[in-house]
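*Asks:* Coordinates in run-v5.txt, compact mmCIF, C-alpha atoms, are listed below.
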```txt
# COMPACT_ATOMS: atom_id res chain seq x y z
CA MET L 2 -4.40 -1.28 -1.07
CA CYS L 3 -1.15 -0.75 -2.97
CA LEU L 4 -2.06 -3.49 -5.41
CA GLY L 5 -0.38 -3.04 -8.79
CA VAL L 6 -1.20 -5.13 -11.83
CA PRO L 7 1.12 -5.43 -14.86
CA GLY L 8 -0.40 -4.76 -18.27
CA ARG L 9 0.71 -3.82 -21.79
CA ILE L 10 -0.30 -0.53 -23.41
CA GLU L 11 -2.21 -1.24 -26.63
CA GLU L 12 -2.82 2.33 -27.74
CA ILE L 13 -2.48 5.85 -26.42
CA SER L 14 -5.38 8.27 -26.41
CA GLY L 15 -3.51 11.51 -26.90
CA ASN L 16 -4.54 14.70 -25.21
CA GLU L 17 -2.81 18.06 -25.31
CA ASP L 18 -3.11 18.33 -21.56
CA PRO L 19 -0.71 15.71 -20.09
CA VAL L 20 -2.91 15.17 -17.02
CA PHE L 21 -5.62 13.72 -19.30
CA VAL L 22 -3.44 11.31 -21.32
CA THR L 23 -4.84 7.79 -21.15
CA GLY L 24 -4.07 4.48 -22.78
CA LYS L 25 -5.86 1.24 -23.46
CA VAL L 26 -4.03 -1.33 -21.35
CA ASN L 27 -4.28 -5.10 -21.84
CA PHE L 28 -4.34 -7.18 -18.67
CA GLY L 29 -4.11 -10.76 -19.95
CA GLY L 30 -6.92 -10.10 -22.44
CA VAL L 31 -8.96 -7.65 -20.36
CA LEU L 32 -8.76 -4.10 -21.71
CA ARG L 33 -9.13 -1.01 -19.55
CA GLU L 34 -8.55 2.68 -20.04
CA VAL L 35 -5.71 3.76 -17.75
CA CYS L 36 -4.49 7.24 -16.75
CA LEU L 37 -0.92 7.71 -18.06
CA ALA L 38 -0.33 11.14 -16.50
CA GLY L 39 2.53 9.71 -14.41
CA ILE L 40 4.47 8.07 -17.26
CA LYS L 41 7.17 9.83 -19.26
CA ASN L 42 6.73 9.29 -23.01
CA PRO L 43 4.37 6.29 -22.88
CA LYS L 44 4.26 4.18 -26.05
CA ALA L 45 2.11 1.32 -27.32
CA GLY L 46 3.88 -1.92 -26.39
CA ASP L 47 5.24 -0.60 -23.07
CA TRP L 48 4.48 -2.70 -19.99
CA VAL L 49 3.24 -0.71 -17.01
CA ILE L 50 2.23 -1.44 -13.42
CA VAL L 51 -1.30 -0.16 -12.85
CA HIS L 52 -2.80 0.87 -9.51
CA ALA L 53 -6.26 2.45 -9.11
CA GLY L 54 -6.52 3.12 -12.85
CA PHE L 55 -3.14 4.88 -12.92
CA ALA L 56 0.16 3.62 -14.32
CA LEU L 57 2.74 3.82 -11.52
CA ASN L 58 5.80 3.10 -13.60
CA LYS L 59 7.03 1.33 -16.69
CA LEU L 60 8.04 -2.28 -16.12
CA ASN L 61 11.70 -2.90 -16.87
CA GLU L 62 11.56 -6.07 -18.98
CA GLU L 63 15.34 -6.54 -18.84
CA GLU L 64 15.14 -6.98 -15.06
CA ALA L 65 12.13 -9.30 -15.15
CA SER L 66 14.16 -12.51 -14.76
CA GLU L 67 16.43 -11.18 -12.03
CA VAL L 68 14.65 -13.09 -9.25
CA PHE L 69 15.53 -16.36 -11.03
CA GLU L 70 19.10 -15.32 -11.89
CA TYR L 71 19.78 -14.41 -8.27
CA LEU L 72 18.40 -17.78 -7.16
CA ARG L 73 20.61 -19.57 -9.69
CA LYS L 74 23.68 -17.65 -8.51
CA ILE L 75 23.25 -18.41 -4.84
CA SER L 76 22.33 -22.04 -5.61
CA GLU L 77 25.46 -22.51 -7.71
CA TYR L 78 28.00 -20.44 -5.86
CA GLY L 79 26.67 -20.54 -2.29
CA HIS L 80 25.89 -17.71 0.10
CA ASP L 81 29.46 -16.63 0.71
CA GLU L 82 30.49 -16.60 -2.92
CA LEU L 83 28.30 -13.54 -3.40
CA GLY L 84 30.74 -11.99 -1.00
CA GLU L 85 30.53 -8.27 -0.61
CA GLU L 86 28.46 -7.83 -3.73
CA VAL L 87 25.80 -5.34 -2.77
CA LYS L 88 22.76 -5.70 -4.94
CA THR L 89 21.54 -2.33 -6.06
CA ASP L 90 20.49 -1.16 -9.47
CA MET S 23 6.09 -13.22 -19.89
CA LYS S 24 2.97 -12.06 -18.11
CA TYR S 25 4.99 -10.80 -15.14
CA VAL S 26 2.67 -12.48 -12.63
CA SER S 27 2.39 -16.28 -12.73
CA GLU S 28 6.14 -16.79 -13.28
CA TYR S 29 6.79 -15.37 -9.83
CA ARG S 30 4.55 -17.95 -8.18
CA ASP S 31 6.66 -20.94 -9.26
CA ARG S 32 6.55 -23.54 -6.48
CA GLU S 33 9.94 -25.15 -7.13
CA SER S 34 11.81 -21.83 -7.08
CA ALA S 35 9.95 -20.82 -3.90
CA LEU S 36 10.96 -24.06 -2.16
CA GLU S 37 14.54 -23.56 -3.35
CA TYR S 38 14.60 -20.07 -1.83
CA ALA S 39 13.11 -21.45 1.41
CA GLU S 40 15.86 -24.09 1.57
CA LEU S 41 18.60 -21.51 0.93
CA ILE S 42 17.16 -19.31 3.68
CA ASN S 43 17.24 -22.31 6.03
CA GLN S 44 20.92 -22.84 5.24
CA LEU S 45 21.76 -19.15 5.63
CA VAL S 46 20.30 -18.42 9.05
CA THR S 47 22.41 -18.96 12.18
CA CYS S 48 20.39 -17.11 14.85
CA GLU S 49 17.04 -15.47 15.59
CA TRP S 50 15.91 -12.54 13.44
CA ASN S 51 12.78 -10.36 13.29
CA ILE S 52 11.86 -8.80 9.97
CA MET S 53 8.93 -6.45 9.41
CA GLU S 54 7.13 -6.36 6.07
CA VAL S 55 5.72 -2.86 5.99
CA CYS S 56 3.05 -3.27 3.36
CA GLY S 57 -0.34 -4.90 3.89
CA GLY S 58 -0.21 -6.31 0.37
CA GLN S 59 2.92 -8.24 1.35
CA THR S 60 1.26 -9.40 4.60
CA HIS S 61 -1.60 -10.75 2.50
CA SER S 62 0.79 -12.64 0.17
CA ILE S 63 2.82 -14.01 3.10
CA VAL S 64 -0.21 -15.40 4.90
CA LYS S 65 -2.01 -16.51 1.73
CA TYR S 66 0.94 -18.47 0.34
CA GLY S 67 2.16 -19.64 3.74
CA ILE S 68 5.59 -18.06 3.17
CA ASP S 69 6.14 -17.59 6.92
CA GLN S 70 5.51 -21.29 7.48
CA LEU S 71 8.33 -22.20 5.09
CA LEU S 72 10.84 -20.09 7.00
CA PRO S 73 13.01 -21.44 9.82
CA ALA S 74 11.46 -21.08 13.30
CA SER S 75 14.22 -18.60 14.15
CA VAL S 76 12.93 -16.09 11.58
CA THR S 77 9.84 -14.12 12.61
CA LEU S 78 7.91 -11.92 10.21
CA ILE S 79 6.29 -8.99 11.98
CA HIS S 80 3.38 -7.45 10.12
CA GLY S 81 3.71 -3.70 9.84
CA PRO S 82 1.32 -0.75 9.70
CA GLY S 83 1.24 -0.61 5.89
CA CYS S 84 -2.49 -0.82 5.31
CA PRO S 85 -3.83 2.70 4.68
CA VAL S 86 -7.39 1.50 5.15
CA CYS S 87 -6.47 0.20 8.61
CA VAL S 88 -4.66 3.31 9.82
CA THR S 89 -7.22 5.92 8.70
CA PRO S 90 -8.40 7.50 11.99
CA VAL S 91 -11.96 6.89 13.20
CA GLU S 92 -12.55 10.66 13.11
CA PHE S 93 -11.98 10.63 9.32
CA ILE S 94 -14.40 7.72 8.90
CA ASP S 95 -16.99 9.64 10.94
CA GLN S 96 -16.37 12.77 8.88
CA ALA S 97 -16.75 10.74 5.66
CA ALA S 98 -19.98 9.18 6.90
CA ALA S 99 -21.38 12.59 7.90
CA ILE S 100 -20.55 14.10 4.48
CA ALA S 101 -21.89 11.04 2.66
CA GLY S 102 -25.20 11.48 4.48
CA ILE S 103 -25.71 15.05 3.22
CA GLU S 104 -28.46 15.36 0.65
CA ASN S 105 -27.21 16.03 -2.89
CA VAL S 106 -23.77 14.48 -2.19
CA ILE S 107 -22.45 11.58 -4.23
CA PHE S 108 -19.74 10.06 -2.02
CA CYS S 109 -17.11 8.03 -3.91
CA SER S 110 -14.62 5.70 -2.25
CA PHE S 111 -12.41 2.70 -2.86
CA GLY S 112 -14.35 -0.45 -1.98
CA ASP S 113 -12.36 -1.45 1.08
CA MET S 114 -13.14 1.82 2.89
CA LEU S 115 -16.88 1.18 2.82
CA ARG S 116 -16.94 -1.30 5.71
CA VAL S 117 -14.41 0.37 7.97
CA PRO S 118 -16.24 0.95 11.26
CA GLY S 119 -16.60 4.53 12.43
CA SER S 120 -17.79 5.34 15.92
CA THR S 121 -21.47 4.79 15.06
CA THR S 122 -21.71 3.61 11.47
CA ASP S 123 -19.73 2.81 8.31
CA LEU S 124 -20.19 4.09 4.76
CA LEU S 125 -22.26 1.05 3.77
CA GLY S 126 -24.56 1.89 6.68
CA VAL S 127 -24.96 5.40 5.26
CA LYS S 128 -25.76 3.88 1.88
CA ALA S 129 -28.35 1.54 3.44
CA ALA S 130 -29.97 4.58 5.05
CA GLY S 131 -30.38 6.21 1.63
CA GLY S 132 -27.04 7.98 1.09
CA ASP S 133 -25.58 7.97 -2.43
CA VAL S 134 -22.32 6.13 -1.69
CA ARG S 135 -20.49 4.72 -4.71
CA MET S 136 -17.51 2.42 -4.99
CA VAL S 137 -15.00 3.59 -7.61
CA TYR S 138 -11.86 1.95 -9.00
CA SER S 139 -10.02 5.23 -9.49
CA PRO S 140 -10.21 8.86 -8.32
CA VAL S 141 -10.33 9.93 -11.98
CA ASP S 142 -13.59 7.96 -12.28
CA ALA S 143 -14.99 10.18 -9.51
CA VAL S 144 -14.02 13.23 -11.60
CA GLN S 145 -16.07 11.82 -14.49
CA ILE S 146 -19.03 11.29 -12.14
CA ALA S 147 -18.76 14.98 -11.21
CA VAL S 148 -18.72 15.92 -14.92
CA GLY S 149 -21.86 13.83 -15.50
CA ASN S 150 -23.71 15.19 -12.46
CA PRO S 151 -23.25 18.98 -12.53
CA ASP S 152 -26.16 19.52 -10.11
CA ARG S 153 -24.71 17.20 -7.45
CA GLU S 154 -21.69 17.52 -5.15
CA VAL S 155 -19.20 14.70 -5.74
CA VAL S 156 -16.77 13.88 -2.94
CA PHE S 157 -13.88 11.40 -3.17
CA PHE S 158 -12.40 9.77 -0.06
CA ALA S 159 -8.64 9.93 -0.77
CA VAL S 160 -6.83 7.34 1.29
CA GLY S 161 -3.59 5.56 0.47
CA PHE S 162 0.18 5.75 0.65
CA GLU S 163 2.57 7.38 -1.81
CA THR S 164 1.40 4.75 -4.34
CA THR S 165 -2.07 6.28 -4.52
CA ALA S 166 -1.22 9.96 -4.02
CA PRO S 167 -0.22 10.64 -7.68
CA VAL S 168 -3.56 9.50 -9.11
CA THR S 169 -5.39 11.54 -6.47
CA ALA S 170 -3.24 14.52 -7.45
CA ALA S 171 -4.05 13.87 -11.13
CA ALA S 172 -7.78 13.87 -10.24
CA VAL S 173 -7.43 17.28 -8.54
CA LEU S 174 -5.57 18.69 -11.56
CA GLN S 175 -8.18 17.25 -13.93
CA ALA S 176 -10.98 18.83 -11.87
CA GLU S 177 -9.13 22.14 -11.93
CA HIS S 178 -8.49 22.03 -15.66
CA LEU S 179 -12.16 21.16 -16.27
CA GLY S 180 -13.25 24.05 -14.04
CA LEU S 181 -15.35 21.74 -11.86
CA GLU S 182 -17.06 23.45 -8.92
CA ASN S 183 -18.83 20.30 -7.70
CA PHE S 184 -15.82 18.05 -7.02
CA SER S 185 -13.92 17.81 -3.75
CA MET S 186 -12.03 15.24 -1.70
CA LEU S 187 -11.46 14.22 1.87
CA VAL S 188 -7.69 13.66 1.96
CA SER S 189 -6.22 11.12 4.37
CA HIS S 190 -3.02 10.19 2.54
CA VAL S 191 -0.17 8.87 4.66
CA LEU S 192 3.57 8.44 4.11
CA VAL S 193 5.63 5.32 4.81
CA PRO S 194 9.10 6.54 5.96
CA PRO S 195 7.77 8.43 9.05
CA ALA S 196 5.83 5.29 10.05
CA ILE S 197 9.00 3.17 9.79
CA GLU S 198 10.77 5.71 12.00
CA ALA S 199 7.87 5.62 14.47
CA VAL S 200 8.20 1.83 14.70
CA LEU S 201 11.99 2.01 15.07
CA SER S 202 11.99 4.72 17.72
CA SER S 203 9.49 2.87 19.91
CA GLU S 204 11.11 1.40 23.04
CA GLU S 205 9.47 -1.97 22.55
CA CYS S 206 10.68 -2.26 18.94
CA ALA S 207 11.95 -5.75 18.13
CA VAL S 208 12.33 -5.22 14.38
CA GLN S 209 15.84 -5.83 13.02
CA GLY S 210 15.22 -5.50 9.30
CA PHE S 211 12.55 -4.25 6.92
CA LEU S 212 10.99 -5.22 3.63
CA ALA S 213 10.00 -1.85 2.16
CA ALA S 214 6.83 -1.53 0.10
CA GLY S 215 7.58 -2.05 -3.59
CA HIS S 216 4.86 0.08 -5.10
CA VAL S 217 5.42 3.00 -2.74
CA CYS S 218 9.04 2.93 -3.93
CA ALA S 219 7.92 2.62 -7.58
CA ILE S 220 6.81 6.23 -7.14
CA MET S 221 9.24 7.61 -4.53
CA GLY S 222 12.38 5.57 -5.21
CA TYR S 223 14.34 4.57 -2.13
CA LYS S 224 16.77 7.39 -1.42
CA GLU S 225 14.70 8.54 1.56
CA TYR S 226 15.24 5.15 3.26
CA GLU S 227 19.03 5.42 3.19
CA PRO S 228 19.29 7.82 6.18
CA ILE S 229 16.85 5.60 8.15
CA ALA S 230 18.92 2.46 7.51
CA ALA S 231 22.07 4.32 8.56
CA LYS S 232 20.56 6.03 11.66
CA TYR S 233 18.96 2.90 13.14
CA GLY S 234 21.39 0.32 11.75
CA VAL S 235 18.68 -1.73 10.05
CA PRO S 236 18.77 -3.29 6.60
CA ILE S 237 15.89 -2.23 4.35
CA VAL S 238 15.12 -4.24 1.22
CA VAL S 239 12.64 -2.82 -1.30
CA THR S 240 10.49 -5.85 -2.12
CA GLY S 241 7.72 -6.82 -4.56
CA PHE S 242 4.50 -8.68 -3.88
CA GLU S 243 4.64 -12.08 -5.57
CA PRO S 244 5.84 -15.06 -3.53
CA LEU S 245 9.28 -15.23 -5.18
CA ASP S 246 9.75 -11.48 -4.73
CA ILE S 247 9.07 -11.87 -1.02
CA PHE S 248 11.35 -14.90 -0.65
CA GLU S 249 14.16 -13.06 -2.40
CA GLY S 250 13.54 -9.93 -0.30
CA ILE S 251 13.66 -11.99 2.91
CA TYR S 252 16.83 -13.76 1.74
CA MET S 253 18.54 -10.44 0.95
CA CYS S 254 17.49 -8.94 4.29
CA LEU S 255 18.67 -12.01 6.26
CA LYS S 256 21.95 -12.04 4.37
CA GLN S 257 22.59 -8.45 5.42
CA LEU S 258 21.68 -9.29 9.03
CA GLU S 259 24.00 -12.30 9.03
CA GLN S 260 26.81 -10.20 7.57
CA GLY S 261 26.18 -7.32 9.99
CA ARG S 262 25.30 -4.88 7.22
CA ALA S 263 22.53 -2.26 7.24
CA ASP S 264 22.07 -1.07 3.66
CA VAL S 265 19.13 -0.22 1.48
CA GLU S 266 18.87 -2.80 -1.30
CA ASN S 267 16.40 -3.24 -4.13
CA GLN S 268 14.85 -6.64 -4.80
CA TYR S 269 12.07 -5.23 -7.02
CA LEU S 270 14.33 -4.18 -9.89
CA ARG S 271 11.73 -4.68 -12.60
CA VAL S 272 9.58 -1.89 -11.15
CA VAL S 273 11.67 0.25 -8.78
CA SER S 274 14.67 2.52 -9.36
CA ARG S 275 16.57 4.50 -6.74
CA GLU S 276 15.26 7.79 -8.13
CA GLY S 277 11.62 6.67 -8.43
CA ASN S 278 9.17 8.07 -10.95
CA GLN S 279 9.85 11.80 -11.09
CA VAL S 280 6.77 12.59 -13.19
CA SER S 281 4.53 11.14 -10.49
CA VAL S 282 6.52 12.71 -7.65
CA GLU S 283 5.99 16.09 -9.33
CA LEU S 284 2.23 15.43 -9.49
CA ILE S 285 2.22 14.84 -5.71
CA LYS S 286 4.37 17.89 -4.98
CA SER S 287 2.26 20.19 -7.15
CA VAL S 288 -0.99 19.37 -5.34
CA PHE S 289 -0.12 18.25 -1.79
CA LYS S 290 2.02 19.38 1.11
CA VAL S 291 3.27 17.34 4.08
CA THR S 292 1.34 17.54 7.34
CA ASP S 293 1.13 15.77 10.71
CA ARG S 294 -1.33 12.88 10.74
CA LYS S 295 -2.93 10.65 13.34
CA TRP S 296 -2.67 6.91 12.56
CA ARG S 297 -5.40 4.64 13.86
CA GLY S 298 -3.99 2.41 16.55
CA ILE S 299 -0.64 4.23 16.60
CA GLY S 300 -1.32 7.90 17.30
CA LYS S 301 0.01 11.12 15.83
CA ILE S 302 3.14 10.91 13.70
CA SER S 303 4.82 14.17 12.66
CA ASP S 304 5.06 14.90 8.93
CA SER S 305 3.42 11.58 8.07
CA GLY S 306 0.51 12.73 5.92
CA LEU S 307 -0.42 14.77 2.87
CA MET S 308 -2.95 17.59 2.62
CA LEU S 309 -4.05 19.82 -0.25
CA LYS S 310 -1.97 22.95 -0.83
CA GLU S 311 -3.72 26.30 -0.31
CA LYS S 312 -3.95 26.72 -4.06
CA TYR S 313 -6.25 23.70 -4.22
CA SER S 314 -8.13 24.23 -0.95
CA ARG S 315 -11.41 24.72 -2.80
CA PHE S 316 -11.26 20.98 -3.48
CA ASP S 317 -11.02 20.23 0.25
CA ALA S 318 -14.25 18.50 1.27
CA GLY S 319 -13.39 19.07 4.95
CA LYS S 320 -13.61 22.83 4.36
CA LYS S 321 -16.52 22.68 1.95
CA PHE S 322 -18.77 20.63 4.22
CA LYS S 323 -18.69 21.64 7.85
CA VAL S 324 -19.57 18.54 9.80
CA SER S 325 -18.80 18.02 13.46
CA THR S 326 -16.89 14.98 14.67
CA HIS S 327 -15.21 14.30 17.98
CA GLU S 328 -12.27 12.28 19.28
CA VAL S 329 -13.13 8.61 19.58
CA GLU S 330 -11.75 5.84 21.76
CA GLU S 331 -11.17 2.38 20.26
CA PRO S 332 -13.09 -0.58 21.78
CA GLU S 333 -11.12 -1.69 24.83
CA ILE S 334 -10.96 -5.36 23.92
CA CYS S 335 -9.46 -4.62 20.45
CA ILE S 336 -5.65 -4.80 20.28
CA SER S 337 -5.41 -3.40 16.74
CA GLY S 338 -2.83 -0.82 17.88
CA GLU S 339 -0.53 -3.57 19.13
CA VAL S 340 -1.08 -5.51 15.88
CA LEU S 341 -0.40 -2.43 13.74
CA ARG S 342 2.82 -1.72 15.63
CA GLY S 343 3.87 -5.34 15.17
CA ASN S 344 3.93 -6.14 18.90
CA LYS S 345 1.20 -8.78 18.79
CA LYS S 346 -0.15 -11.29 16.30
CA PRO S 347 -3.91 -11.27 15.53
CA GLY S 348 -4.48 -14.61 17.27
CA GLU S 349 -3.36 -13.10 20.59
CA CYS S 350 -6.51 -10.95 20.69
CA ALA S 351 -9.35 -12.23 22.88
CA ALA S 352 -11.92 -10.94 20.39
CA PHE S 353 -10.28 -12.50 17.29
CA GLY S 354 -12.79 -14.73 15.47
CA LYS S 355 -15.34 -14.20 18.24
CA GLU S 356 -16.69 -10.67 18.69
CA CYS S 357 -14.43 -9.54 15.83
CA THR S 358 -14.82 -11.06 12.34
CA PRO S 359 -14.61 -9.60 8.81
CA GLU S 360 -18.44 -9.40 8.82
CA HIS S 361 -18.46 -7.49 12.13
CA PRO S 362 -15.00 -5.97 12.59
CA LEU S 363 -14.12 -4.22 15.85
CA GLY S 364 -10.84 -2.83 14.60
CA ALA S 365 -9.58 -1.79 11.20
CA PRO S 366 -7.05 -4.63 10.58
CA MET S 367 -10.04 -6.98 10.38
CA VAL S 368 -11.74 -4.87 7.72
CA SER S 369 -9.41 -4.57 4.79
CA SER S 370 -8.38 -7.86 3.19
CA GLU S 371 -4.81 -6.59 3.62
CA GLY S 372 -5.21 -6.02 7.33
CA ALA S 373 -3.22 -8.56 9.34
CA CYS S 374 -6.29 -9.74 11.30
CA ALA S 375 -8.39 -10.29 8.17
CA ALA S 376 -5.53 -12.17 6.46
CA TYR S 377 -5.13 -14.47 9.48
CA TYR S 378 -8.90 -14.95 9.73
CA ARG S 379 -9.15 -15.90 6.06
CA TYR S 380 -6.14 -18.15 5.73
CA ARG S 381 -5.23 -19.31 9.25
CA TYR S 382 -8.34 -19.27 11.41
CA VAL S 383 -9.40 -22.67 12.66
CA ARG S 384 -12.58 -22.74 14.71
CA LYS S 385 -12.17 -24.59 17.97
CA ASP S 386 -14.80 -27.19 16.99
CA ASP S 387 -12.92 -27.93 13.73
CA GLU S 388 -9.69 -28.80 15.45
```
Please rewrite the model in this file as structure tokens.
*Replies:*
Amino acid sequence: MCLGVPGRIEEISGNEDPVFVTGKVNFGGVLREVCLAGIKNPKAGDWVIVHAGFALNKLNEEEASEVFEYLRKISEYGHDELGEEVKTD
Amino acid sequence: MKYVSEYRDRESALEYAELINQLVTCEWNIMEVCGGQTHSIVKYGIDQLLPASVTLIHGPGCPVCVTPVEFIDQAAAIAGIENVIFCSFGDMLRVPGSTTDLLGVKAAGGDVRMVYSPVDAVQIAVGNPDREVVFFAVGFETTAPVTAAAVLQAEHLGLENFSMLVSHVLVPPAIEAVLSSEECAVQGFLAAGHVCAIMGYKEYEPIAAKYGVPIVVTGFEPLDIFEGIYMCLKQLEQGRADVENQYLRVVSREGNQVSVELIKSVFKVTDRKWRGIGKISDSGLMLKEKYSRFDAGKKFKVSTHEVEEPEICISGEVLRGNKKPGECAAFGKECTPEHPLGAPMVSSEGACAAYYRYRYVRKDDE
């Protein structure tokens, strides 16, 4: 139900009323018009997570490799070496 | 990056599984709240790569599954009214009510349509000014903003022929309901990533502190889930009970304020009955008075009555995480995805349907 699919905004269809702002979003080659009413300052080129035709949030590309970096850290340094480091953003 | 296939890398998944094996020193029970995560776990066999001492308990996080029978009956009654176009997400169409489901109404001549988005239902209302268009609004906090946007669009367009039957539910009260139950065996949680994409995770901090359970906001791809499980187990092994965020690429602590404002402007919190669980205080959303003209429940007076679940069905136990689907006598016999007795067999994200699809072995195949 809470399925969210990442896609890249190709173009914004502007509307004076923010609740009607949409964008053409590219999902691996498939284009679909998506409601952008929930995104602050959406721009072409932004990656968003789309659920039920609505962009939930922008995707933070800088954090995209974190799952691999964390794996590398615990593989290299071991479980205890992470020590008291609490992983929050 | 495509932000999908990378997170299904087999070698990294096996590496995580091995590290989890090394980390764990005793028995732990972790609940994944979201049905989407249950689906991934069963589909990719993530639970089978974990040590035997780690049990994943499947939580109540499938909105389709927890929508009360009375709402399904109300939906079916409204959908059967002449001149109504009834719009719903696809997975609600086969949820059994007390006498029929929405597909049954469609087969009997009702105009029931599957839509991808509530805003598509608004466009159907624009294109059919002589018909009444009703949207069945189910879902967690993930779905509530787009439903709210649909209401605001209908208002701004001055639509008189659009309304919705709202059955939105909220995750934190359900987690508290699980934790406050006497039979609760859950020691840590994976929180639902896309719910937190909207809401952030501040509201989970008091829950983690009050009940002494770690809560890790987790994504949906296999590596997300492995990392979330690792982080949760690490907290358990260290005796910590914090809220942590695995799903950094999508979730921030504050959430998406623009979407939260959409929800707040249109909905208010209300008590809600959960199928298989019962009434949970402040666990649902309903339209504010200002938008009550869009309330299909008020617009179409249809009578429904309290309904008992089939006795053989243990969906309540499954939804509370007390039993696994295979422990049900009806599983794979009287109850299949084609003829579901209880809601967790209906939605592909329901625990029973996931087990049936990926785990079910017929006796004569063994």
*Asks:* Go ahead and compute the interatomic distance for atom CA of Arg153 of chain S and atom CA of Val106 of chain S, in Å to one decimal.
*Replies:*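 Those two atoms sit 6.0 Å apart.
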*Asks:* Need the shell around segment 24-38 of chain L: protein/DNA/RNA residues with any atom at most 6 Å away, counting only C-alpha atoms. Skip same-chain ones fewer than 6 positions apart. Format as a PDB file with C-alpha atoms, keeping the file's coordinate frame?
*Replies:*
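This went into part.pdb:
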```pdb
ATOM      1  CA  GLY L   8      -0.400  -4.760 -18.270  1.00  0.00           C
ATOM      2  CA  ARG L   9       0.710  -3.820 -21.790  1.00  0.00           C
ATOM      3  CA  ILE L  10      -0.300  -0.530 -23.410  1.00  0.00           C
ATOM      4  CA  GLU L  11      -2.210  -1.240 -26.630  1.00  0.00           C
ATOM      5  CA  GLU L  12      -2.820   2.330 -27.740  1.00  0.00           C
ATOM      6  CA  ILE L  13      -2.480   5.850 -26.420  1.00  0.00           C
ATOM      7  CA  SER L  14      -5.380   8.270 -26.410  1.00  0.00           C
ATOM      8  CA  GLY L  54      -6.520   3.120 -12.850  1.00  0.00           C
ATOM      9  CA  PHE L  55      -3.140   4.880 -12.920  1.00  0.00           C
ATOM     10  CA  ALA L  56       0.160   3.620 -14.320  1.00  0.00           C
TER      11      ALA L  56
END
```
*Asks:* So, counting all atoms listed in the file, which residue among S:Ala373, S:Ile146, S:Met308, S:Val324 is closest to Ala159 of chain S?
*Replies:*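 So, comparing all the options, the nearest one is S:Met308.
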*Asks:* Could you tell me which residues of chain L sit within 10 Å of chain S when counting all atoms listed in the file, and give me the result as a PyMOL selection string?
*Replies:* chain L and resi 2-9+18-21+28-29+35-41+48-69+71-73+75-76+79-81+84-85+87-90
*Asks:* Using all atoms listed in the file, find all polymer residues with an atom at most 9 Å away from the point (-14.2, -16.0, 16.1); report them as a list in words.
*Replies:*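 Checked against the point, the hits come out as Ala352, Phe353, Gly354, Lys355, Glu356, Cys357, Thr358, Tyr378, Tyr382, Val383 and Arg384 of chain S.
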*Asks:* Find the distance between atom CA of Lys65 of chain S and atom CA of Ile52 of chain S and write it in Å to one decimal.
*Replies:* 17.9 Å
*Asks:* If the box runs along x, y and z of the file and leaves 8 Å on each side of segment 108-111 of chain S, what are its centre and edge lengths in Å, one decimal, as JSON?
*Replies:*
```
{"center_x": -16.1, "center_y": 6.4, "center_z": -3.0, "size_x": 23.3, "size_y": 23.4, "size_z": 17.9}
```
